[in-house]
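Shown next: structure_12.txt, given as compact mmCIF, C-alpha atoms and all ligand atoms.
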```
# COMPACT_ATOMS: atom_id res chain seq x y z
CA MET K 1 0.90 1.31 12.58
CA ARG K 2 2.21 2.68 15.85
CA ARG K 3 0.22 4.97 18.08
CA PHE K 4 1.12 8.64 18.28
CA ALA K 5 0.92 11.22 21.03
CA CYS K 6 1.13 14.98 21.15
CA PRO K 7 4.71 16.04 22.01
CA THR K 8 3.32 18.76 24.30
CA CYS K 9 0.31 17.32 26.13
CA GLN K 10 0.51 13.57 25.29
CA ALA K 11 -3.04 13.50 23.86
CA ASP K 12 -3.66 10.71 21.35
CA LEU K 13 -2.99 11.88 17.80
CA PHE K 14 -3.43 10.20 14.45
CA PHE K 15 -0.61 9.67 11.96
CA GLY K 16 -2.05 12.39 9.68
CA ASN K 17 -2.64 15.09 12.30
CA LEU K 18 -1.32 18.58 11.56
CA SER K 19 -2.01 19.85 15.05
CA CYS K 20 -3.16 18.68 18.45
CA LEU K 21 -6.88 19.21 18.91
CA ARG K 22 -6.44 19.54 22.65
CA CYS K 23 -3.52 21.97 23.07
CA GLY K 24 -3.10 23.38 19.57
CA THR K 25 0.55 22.38 19.12
CA GLU K 26 1.38 22.15 15.41
CA VAL K 27 2.92 18.77 14.73
CA ALA K 28 4.70 16.93 11.94
CA TYR K 29 5.68 13.32 11.38
CA ASP K 30 9.40 12.71 11.69
CA PRO K 31 10.20 9.54 9.71
CA GLN K 32 13.55 9.18 11.51
CA ALA K 33 12.06 9.27 14.99
CA LEU K 34 8.83 7.47 13.93
CA ALA K 35 6.99 10.07 15.99
CA LEU K 36 4.92 13.22 15.73
CA VAL K 37 7.10 16.15 16.79
CA THR K 38 6.48 19.86 17.14
CA VAL K 39 6.92 21.73 13.87
CA ARG K 40 8.52 24.78 15.45
CA GLY K 41 12.24 24.93 14.65
CA ARG K 42 11.96 22.16 12.06
CA THR K 43 11.39 22.11 8.30
CA PRO K 44 7.94 20.90 7.21
CA CYS K 45 7.25 19.40 3.78
CA ALA K 46 6.68 22.02 1.08
CA ASN K 47 3.28 20.40 0.45
CA ARG K 48 2.04 21.07 3.99
CA GLU K 49 -0.18 24.04 3.03
CA SER K 50 -1.40 22.75 -0.33
CA ILE K 51 -2.34 19.15 0.49
CA ASP K 52 -1.98 18.88 4.28
CA CYS K 53 1.14 16.72 4.12
CA ASN K 54 2.29 16.54 7.74
CA TRP K 55 5.76 15.07 7.22
CA LEU K 56 9.07 16.79 7.86
CA ALA K 57 11.45 17.50 4.99
CA ALA K 58 15.24 17.45 5.05
CA ALA K 59 15.58 21.15 4.22
CA GLU K 60 13.58 24.37 4.07
CA GLY K 61 11.30 24.41 1.02
CA ALA K 62 11.97 20.75 0.17
CA LEU K 63 9.47 17.92 -0.17
CA CYS K 64 9.29 15.09 2.35
CA ALA K 65 10.46 11.58 1.46
CA SER K 66 6.93 10.55 0.49
CA CYS K 67 5.93 13.57 -1.62
CA ALA K 68 9.35 13.49 -3.32
CA MET K 69 8.49 10.13 -4.87
CA THR K 70 5.73 11.77 -6.92
CA THR K 71 7.17 12.97 -10.22
CA VAL K 72 3.88 13.97 -11.87
CA ILE K 73 0.95 15.52 -10.01
CA PRO K 74 -2.48 15.92 -11.63
CA ASP K 75 -3.40 19.11 -13.48
CA LEU K 76 -4.54 21.38 -10.64
CA SER K 77 -6.52 23.64 -12.97
CA VAL K 78 -9.03 20.77 -13.23
CA PRO K 79 -11.68 21.03 -10.49
CA GLY K 80 -11.35 18.23 -7.96
CA ASN K 81 -7.77 17.32 -8.75
CA LEU K 82 -6.33 19.06 -5.68
CA LEU K 83 -8.53 16.89 -3.47
CA ARG K 84 -7.66 13.76 -5.48
CA TRP K 85 -3.95 14.51 -5.16
CA ARG K 86 -4.38 15.07 -1.42
CA ARG K 87 -6.18 11.76 -0.93
CA ILE K 88 -3.63 9.79 -2.92
CA GLU K 89 -0.71 11.34 -1.05
CA GLU K 90 -2.41 10.53 2.25
CA ALA K 91 -2.55 6.86 1.27
CA LYS K 92 1.00 6.99 -0.08
CA ARG K 93 2.36 8.35 3.22
CA ARG K 94 0.97 5.32 4.97
CA LEU K 95 2.76 3.17 2.40
CA ALA K 96 5.96 5.21 2.75
CA TYR K 97 5.82 4.89 6.54
CA MET K 98 6.22 1.13 6.12
CA LEU K 99 8.75 1.22 3.26
CA LEU K 100 11.02 3.45 5.33
CA ARG K 101 10.54 1.39 8.48
CA LEU K 102 11.46 -1.73 6.55
CA ASP K 103 14.48 0.11 5.18
CA LEU K 104 13.45 -0.97 1.68
CA PRO K 105 15.58 0.47 -1.12
CA LEU K 106 13.85 3.15 -3.19
CA VAL K 107 16.24 2.54 -6.10
CA SER K 108 16.85 -0.86 -7.66
CA ARG K 109 20.33 -2.18 -8.39
CA ALA K 110 19.54 -1.63 -12.06
CA GLY K 111 19.11 2.07 -11.19
CA ASN K 112 15.30 2.24 -11.38
CA ARG K 113 13.91 4.69 -8.82
CA LEU K 114 10.51 4.15 -7.22
CA THR K 115 8.34 7.03 -8.45
CA PHE K 116 4.65 7.83 -8.83
CA ARG K 117 2.78 9.55 -11.65
CA LEU K 118 -0.74 10.69 -10.78
CA LEU K 119 -2.61 11.04 -14.07
CA ALA K 120 -6.15 11.56 -15.28
CA ASP K 121 -7.95 10.22 -18.36
CA GLU K 122 -7.87 12.79 -21.16
CA THR K 123 -10.53 13.52 -23.72
CA ARG K 124 -8.95 14.12 -27.12
CA SER K 125 -10.23 16.76 -29.56
CA ASP K 126 -12.17 14.07 -31.47
CA GLY K 127 -14.09 13.16 -28.31
CA THR K 128 -12.37 9.82 -27.68
CA VAL K 129 -10.87 9.22 -24.25
CA GLU K 130 -7.26 8.34 -23.58
CA GLN K 131 -7.41 6.07 -20.57
CA VAL K 132 -4.75 6.02 -17.88
CA LEU K 133 -4.03 2.49 -16.73
CA THR K 134 -2.93 2.06 -13.14
CA GLY K 135 0.21 -0.04 -13.15
CA HIS K 136 3.94 -0.39 -12.63
CA ASP K 137 6.88 -0.26 -15.04
CA ASN K 138 10.52 -0.45 -13.88
CA GLY K 139 9.90 1.44 -10.64
CA GLN K 140 7.45 3.91 -12.13
CA VAL K 141 3.98 3.56 -10.64
CA THR K 142 1.11 5.18 -12.54
CA LEU K 143 -2.13 5.84 -10.68
CA ASN K 144 -5.34 6.99 -12.33
CA VAL K 145 -6.53 9.84 -10.09
CA ALA K 146 -10.17 8.75 -10.67
CA GLU K 147 -9.40 6.11 -8.01
CA ALA K 148 -9.53 8.95 -5.47
CA ASP K 149 -13.23 9.53 -6.14
CA ASP K 150 -15.19 7.23 -3.85
CA ASP K 151 -18.13 6.85 -6.24
CA ARG K 152 -15.95 6.03 -9.25
CA ARG K 153 -13.68 3.64 -7.33
CA GLU K 154 -16.69 1.80 -5.92
CA ALA K 155 -18.22 1.56 -9.41
CA MET K 156 -14.94 0.07 -10.69
CA ARG K 157 -14.84 -2.38 -7.78
CA LEU K 158 -18.36 -3.59 -8.53
CA GLY K 159 -17.74 -3.66 -12.27
CA MET K 160 -14.70 -5.88 -11.79
CA GLY K 161 -16.33 -8.06 -9.15
CA GLU K 162 -13.65 -7.24 -6.58
CA ARG K 163 -14.01 -7.63 -2.81
CA TYR K 164 -11.74 -4.76 -1.94
CA ARG K 165 -10.49 -1.65 -3.72
CA THR K 166 -8.78 1.22 -1.89
CA LEU K 167 -6.11 3.82 -2.61
CA LEU K 168 -3.86 2.27 0.01
CA GLY K 169 -4.40 -1.15 -1.53
CA HIS K 170 -3.36 0.20 -4.94
CA CYS K 171 -0.22 1.76 -3.48
CA ARG K 172 0.75 -1.46 -1.71
CA HIS K 173 0.01 -3.61 -4.76
CA GLU K 174 1.90 -1.50 -7.30
CA VAL K 175 5.08 -1.20 -5.23
CA GLY K 176 4.86 -4.98 -4.80
CA HIS K 177 5.84 -5.19 -8.49
CA PHE K 178 8.87 -2.99 -7.85
CA TYR K 179 9.93 -5.13 -4.87
CA PHE K 180 9.61 -8.24 -6.98
CA ASP K 181 12.34 -6.75 -9.17
CA VAL K 182 14.44 -5.65 -6.17
CA LEU K 183 14.02 -8.49 -3.67
CA VAL K 184 13.25 -11.50 -5.86
CA GLU K 185 14.97 -10.94 -9.23
CA GLU K 186 17.91 -8.89 -8.01
CA GLY K 187 17.86 -10.66 -4.64
CA GLY K 188 18.52 -14.04 -6.27
CA ARG K 189 15.29 -15.62 -4.99
CA ARG K 190 13.82 -16.74 -8.30
CA ALA K 191 14.04 -20.50 -7.70
CA ALA K 192 12.10 -20.29 -4.42
CA PHE K 193 9.66 -17.84 -6.02
CA ASP K 194 8.98 -19.98 -9.08
CA ALA K 195 8.34 -23.04 -6.91
CA LEU K 196 5.57 -21.24 -5.04
CA PHE K 197 4.13 -18.69 -7.47
CA GLY K 198 4.95 -20.27 -10.85
CA ASN K 199 7.26 -19.15 -13.62
CA PRO K 200 6.78 -15.42 -14.29
CA ASP K 201 8.45 -15.59 -17.71
CA GLN K 202 5.12 -16.59 -19.30
CA ASP K 203 3.67 -13.88 -21.55
CA TYR K 204 2.18 -11.19 -19.32
CA GLY K 205 -0.12 -9.57 -21.89
CA GLU K 206 -1.56 -12.93 -22.92
CA ALA K 207 -2.05 -13.93 -19.28
CA LEU K 208 -4.03 -10.76 -18.52
CA LYS K 209 -6.12 -11.17 -21.65
CA ARG K 210 -6.94 -14.74 -20.60
CA HIS K 211 -7.80 -13.61 -17.07
CA TYR K 212 -10.20 -10.93 -18.25
CA ALA K 213 -11.83 -13.30 -20.76
CA GLU K 214 -12.15 -16.40 -18.55
CA GLY K 215 -11.93 -15.15 -14.96
CA ALA K 216 -10.20 -17.00 -12.16
CA PRO K 217 -10.10 -20.82 -12.19
CA GLU K 218 -12.34 -22.84 -9.84
CA ARG K 219 -11.14 -23.08 -6.23
CA TRP K 220 -8.70 -20.22 -6.67
CA GLU K 221 -9.19 -19.37 -2.98
CA ASP K 222 -7.14 -22.45 -2.04
CA THR K 223 -3.98 -21.00 -3.52
CA HIS K 224 -4.47 -17.28 -4.20
CA VAL K 225 -5.35 -14.37 -1.94
CA SER K 226 -7.57 -12.79 -4.61
CA ALA K 227 -9.07 -13.71 -7.96
CA TYR K 228 -6.82 -11.17 -9.68
CA ALA K 229 -3.75 -12.88 -8.21
CA THR K 230 -4.43 -15.83 -10.52
CA ALA K 231 -3.80 -13.69 -13.62
CA HIS K 232 0.01 -14.02 -13.58
CA PRO K 233 2.76 -14.84 -11.01
CA TRP K 234 3.73 -11.12 -10.95
CA GLU K 235 0.18 -10.19 -9.94
CA ASP K 236 0.13 -13.01 -7.42
CA PHE K 237 3.29 -11.63 -5.80
CA ALA K 238 1.99 -8.02 -5.83
CA GLU K 239 -1.29 -9.12 -4.23
CA THR K 240 0.51 -11.23 -1.62
CA PHE K 241 2.96 -8.39 -0.89
CA ALA K 242 0.03 -5.99 -0.38
CA HIS K 243 -1.67 -8.46 1.96
CA TRP K 244 1.49 -8.89 4.02
CA LEU K 245 1.43 -5.11 4.52
CA HIS K 246 -2.31 -5.15 5.33
CA MET K 247 -1.68 -7.90 7.88
CA THR K 248 1.37 -6.42 9.59
CA ASP K 249 -0.08 -2.89 9.67
CA GLY K 250 -3.35 -4.32 10.99
CA LEU K 251 -1.65 -6.36 13.70
CA GLU K 252 0.65 -3.54 14.77
CA THR K 253 -2.30 -1.13 14.92
CA ALA K 254 -4.37 -3.58 16.97
CA GLN K 255 -1.51 -4.12 19.40
CA ALA K 256 -0.82 -0.39 19.69
CA HIS K 257 -4.45 0.12 20.69
CA GLU K 258 -4.41 -2.90 23.00
CA LEU K 259 -7.04 -4.70 20.93
CA SER K 260 -4.97 -7.86 20.65
CA GLY K 261 -1.82 -9.34 22.07
CA GLY K 262 0.10 -11.84 20.07
CA PRO K 263 3.32 -12.06 18.11
CA ASP K 264 5.43 -9.13 16.95
CA PRO K 265 4.44 -8.83 13.28
CA PHE K 266 7.95 -7.92 12.21
CA ALA K 267 9.92 -10.58 14.08
CA PRO K 268 11.73 -13.03 11.83
CA GLY K 269 10.50 -16.62 12.01
CA PRO K 270 7.46 -18.51 10.75
CA VAL K 271 4.53 -16.50 9.41
CA GLU K 272 1.89 -18.94 10.72
CA PRO K 273 1.43 -17.35 14.19
CA LEU K 274 0.88 -13.98 12.51
CA VAL K 275 -1.68 -15.35 10.07
CA GLU K 276 -3.46 -17.03 12.97
CA ALA K 277 -3.57 -13.81 15.02
CA TRP K 278 -4.65 -11.87 11.94
CA GLY K 279 -7.40 -14.42 11.22
CA ARG K 280 -8.81 -14.06 14.74
CA LEU K 281 -8.59 -10.30 14.57
CA SER K 282 -10.20 -10.03 11.14
CA VAL K 283 -13.14 -12.23 12.20
CA ALA K 284 -13.69 -9.85 15.12
CA MET K 285 -13.26 -6.76 12.90
CA ASN K 286 -15.73 -8.11 10.36
CA ALA K 287 -18.24 -8.88 13.12
CA MET K 288 -17.84 -5.30 14.35
CA SER K 289 -18.37 -3.97 10.82
CA ARG K 290 -21.55 -6.01 10.48
CA ALA K 291 -22.73 -4.80 13.89
CA LEU K 292 -22.61 -1.29 12.45
CA GLY K 293 -24.14 -2.21 9.10
CA GLN K 294 -20.89 -1.75 7.23
CA PRO K 295 -19.25 -4.10 4.72
CA ASP K 296 -16.54 -6.46 6.02
CA LEU K 297 -13.29 -4.66 6.81
CA TYR K 298 -11.15 -7.56 5.57
CA PRO K 299 -13.22 -9.62 3.12
CA PHE K 300 -10.62 -12.35 2.58
CA VAL K 301 -9.92 -15.87 3.75
CA ILE K 302 -6.31 -16.97 3.94
CA ALA K 303 -6.02 -20.64 2.93
CA PRO K 304 -2.91 -22.76 3.65
CA GLY K 305 -1.71 -22.33 0.06
CA VAL K 306 -1.76 -18.56 0.57
CA VAL K 307 -0.01 -18.83 3.95
CA ARG K 308 3.01 -20.38 2.21
CA LYS K 309 3.17 -17.42 -0.17
CA LEU K 310 2.81 -14.95 2.70
CA GLY K 311 5.65 -16.84 4.37
CA PHE K 312 7.85 -16.18 1.35
CA VAL K 313 7.12 -12.44 1.54
CA HIS K 314 7.61 -12.53 5.32
CA GLY K 315 11.06 -14.05 4.74
CA LEU K 316 11.94 -11.18 2.41
CA LEU K 317 10.69 -8.40 4.72
CA ALA K 318 10.50 -9.38 8.37
CA GLU K 319 14.15 -8.96 9.21
CA ARG K 320 14.34 -5.51 7.69
CA LEU K 321 12.49 -3.58 10.39
CA ARG K 322 14.39 -0.52 11.49
CA ALA K 323 14.12 0.73 15.03
CA ALA K 324 13.34 4.37 15.76
CA ALA K 325 16.43 6.58 15.57
ZN ZN K 401 -1.39 18.52 22.63
ZN ZN K 402 5.11 15.69 1.94
ZN ZN K 403 -0.36 -5.46 -10.64
```

Reformat the file's structure so that it appears as structure tokens.
Amino acid sequence: MRRFACPTCQADLFFGNLSCLRCGTEVAYDPQALALVTVRGRTPCANRESIDCNWLAAAEGALCASCAMTTVIPDLSVPGNLLRWRRIEEAKRRLAYMLLRLDLPLVSRAGNRLTFRLLADETRSDGTVEQVLTGHDNGQVTLNVAEADDDRREAMRLGMGERYRTLLGHCRHEVGHFYFDVLVEEGGRRAAFDALFGNPDQDYGEALKRHYAEGAPERWEDTHVSAYATAHPWEDFAETFAHWLHMTDGLETAQAHELSGGPDPFAPGPVEPLVEAWGRLSVAMNAMSRALGQPDLYPFVIAPGVVRKLGFVHGLLAERLRAAA
């Protein structure tokens, strides 16, 4: 992500800031200008007060482009749900920042709109629990709001033997399924996709069942970015798509803070120089994490077989970057 400054006093501000801590100017993120601007005289998102959304909206009383994608919010009469909603929207704005910058369509050619439902498990009158499964279906992303609770998300991560589980990671993964539909299926890239990821027409339900029963095959790291990516070519694409966003956001952030030089993450061309720069950076980041007694920031190794898949995603996305208006 880029670096932001206060429009009044130029102090460093974060993407999510509502005001400048130095001079008090109230700010909002303008997705057209890719900058934090002063709120006065502009129209903030209608969710600014309730969940601290700091984006601008197109009109008075309207939602911003990110909040507008949410069609179902959790039941706010349930204690904790306001905070869960706020955390999920915070992660989603970081996702939306990149989707808008890449000028990615939010509606497929088939007419499916990218939307989010934020739902909680429900206990029925007979005491059984109706579980909400996080997933994607024709543009509709469903997120279980329990993922916003650090203790529950960490318990799920450990239970599933995962190396990494975050709200932002969920957002990036689930929209990866939507962009498979938009950029690969509708974009006429199936032949190239199948050659790298395998044929996705194999039964999805059966594939997941097999994955949960047997786990990932031996040496999956040679060809897949995560164990879960081995479950089905759709999951492989969604995982790879998410990692391309992790990598480009990570590289852009590092460059914005002068932590690394290196190639422009969004320039068209081969992906290898990016992966190399990202590899060096993530080794340094992980060493820093360990120096502070924290778990590795990026607990992944990108093998050559994964680089080729990242290259496919890079080919779909790199040329799309939109300059600031
Ligand atoms: Zn300021
Ligand atoms: Zn908003
Ligand atoms: Zn998935």

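Among K:Ala96, K:Ala227, K:Ala62, K:Met247, the residue with the shortest atom-to-atom distance to Val307 of chain K, counting all atoms listed in the file, is K:Met247.
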
Within-8 Å residues of ligand ZN 402 (chain K), basis only C-alpha atoms and all ligand atoms, as a PyMOL selection string = chain K and resi 44-48+53-57+63-68+89+93

Within 12 Å of ligand ZN 403 (chain K) (only C-alpha atoms and all ligand atoms), residues as a ChimeraX atom specification = /K:133-137,141-143,169-180,204-205,208,226,228-242

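Take the candidates K:Asp203, K:Asp149, K:Asp12, K:Asp181 and check each one against ligand ZN 401 (chain K) using all atoms listed in the file; the shortest distance goes to K:Asp12.
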
Name each residue within 8 Å of ligand ZN 401 (chain K), counting all atoms listed in the file, as number ranges by chain.
-> K: 5-11, 19-25

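Counting from atom CA of Arg219 of chain K, the distance to atom CA of Met160 of chain K is 18.4 Å.
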
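Contact shell of segment 266-280 of chain K at 9 Å (all atoms listed in the file; same-chain neighbours under 5 positions omitted): Met247, Thr248, Gly250, Leu251, Glu252, Ser260, Gly261, Met285, Val301, Ile302, Val307, Arg308, Leu310, Gly311, Phe312, His314, Gly315, Leu317, Ala318, Glu319, Arg320 and Leu321 of chain K.
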
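Atom to atom, atom CA of Leu245 of chain K and atom CA of Phe300 of chain K stand 14.2 Å apart.
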
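The space separating atom CA of Ile88 of chain K from atom CA of Pro31 of chain K comes to 18.7 Å.
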
Point out the residue among K:Asn199, K:Thr253, K:Thr43, K:Thr70 with the least atom-to-atom distance to Leu281 of chain K, counting all atoms listed in the file.
-> K:Thr253

Quick one: residues within 7 Å of Ala303 of chain K, only C-alpha atoms counted, chain neighbours fewer than 5 positions away excluded, as a ChimeraX atom specification?
-> /K:221-223

Could you give me, as JSON, numbers by chain, the residues within 10 Å of Asn138 of chain K, counting all atoms listed in the file and dropping anything in the same chain fewer than 4 positions from it?
-> {"K": [108, 110, 111, 112, 113, 114, 115, 177, 178, 181]}

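Between Arg101 of chain K and the residues K:Gln32, K:Ser289, K:Ser125, K:Ser282, the shortest atom-to-atom distance, using all atoms listed in the file, involves K:Gln32.
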
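If you measure from each of K:Val27, K:Leu316, K:Ala148, K:Leu292 to Arg165 of chain K using only C-alpha atoms, the closest one turns out to be K:Ala148.
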
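Considering the residues K:Tyr29, K:Glu218, K:Glu258, K:Pro265 and counting only C-alpha atoms, Tyr97 of chain K has its shortest atom-to-atom contact with K:Tyr29.
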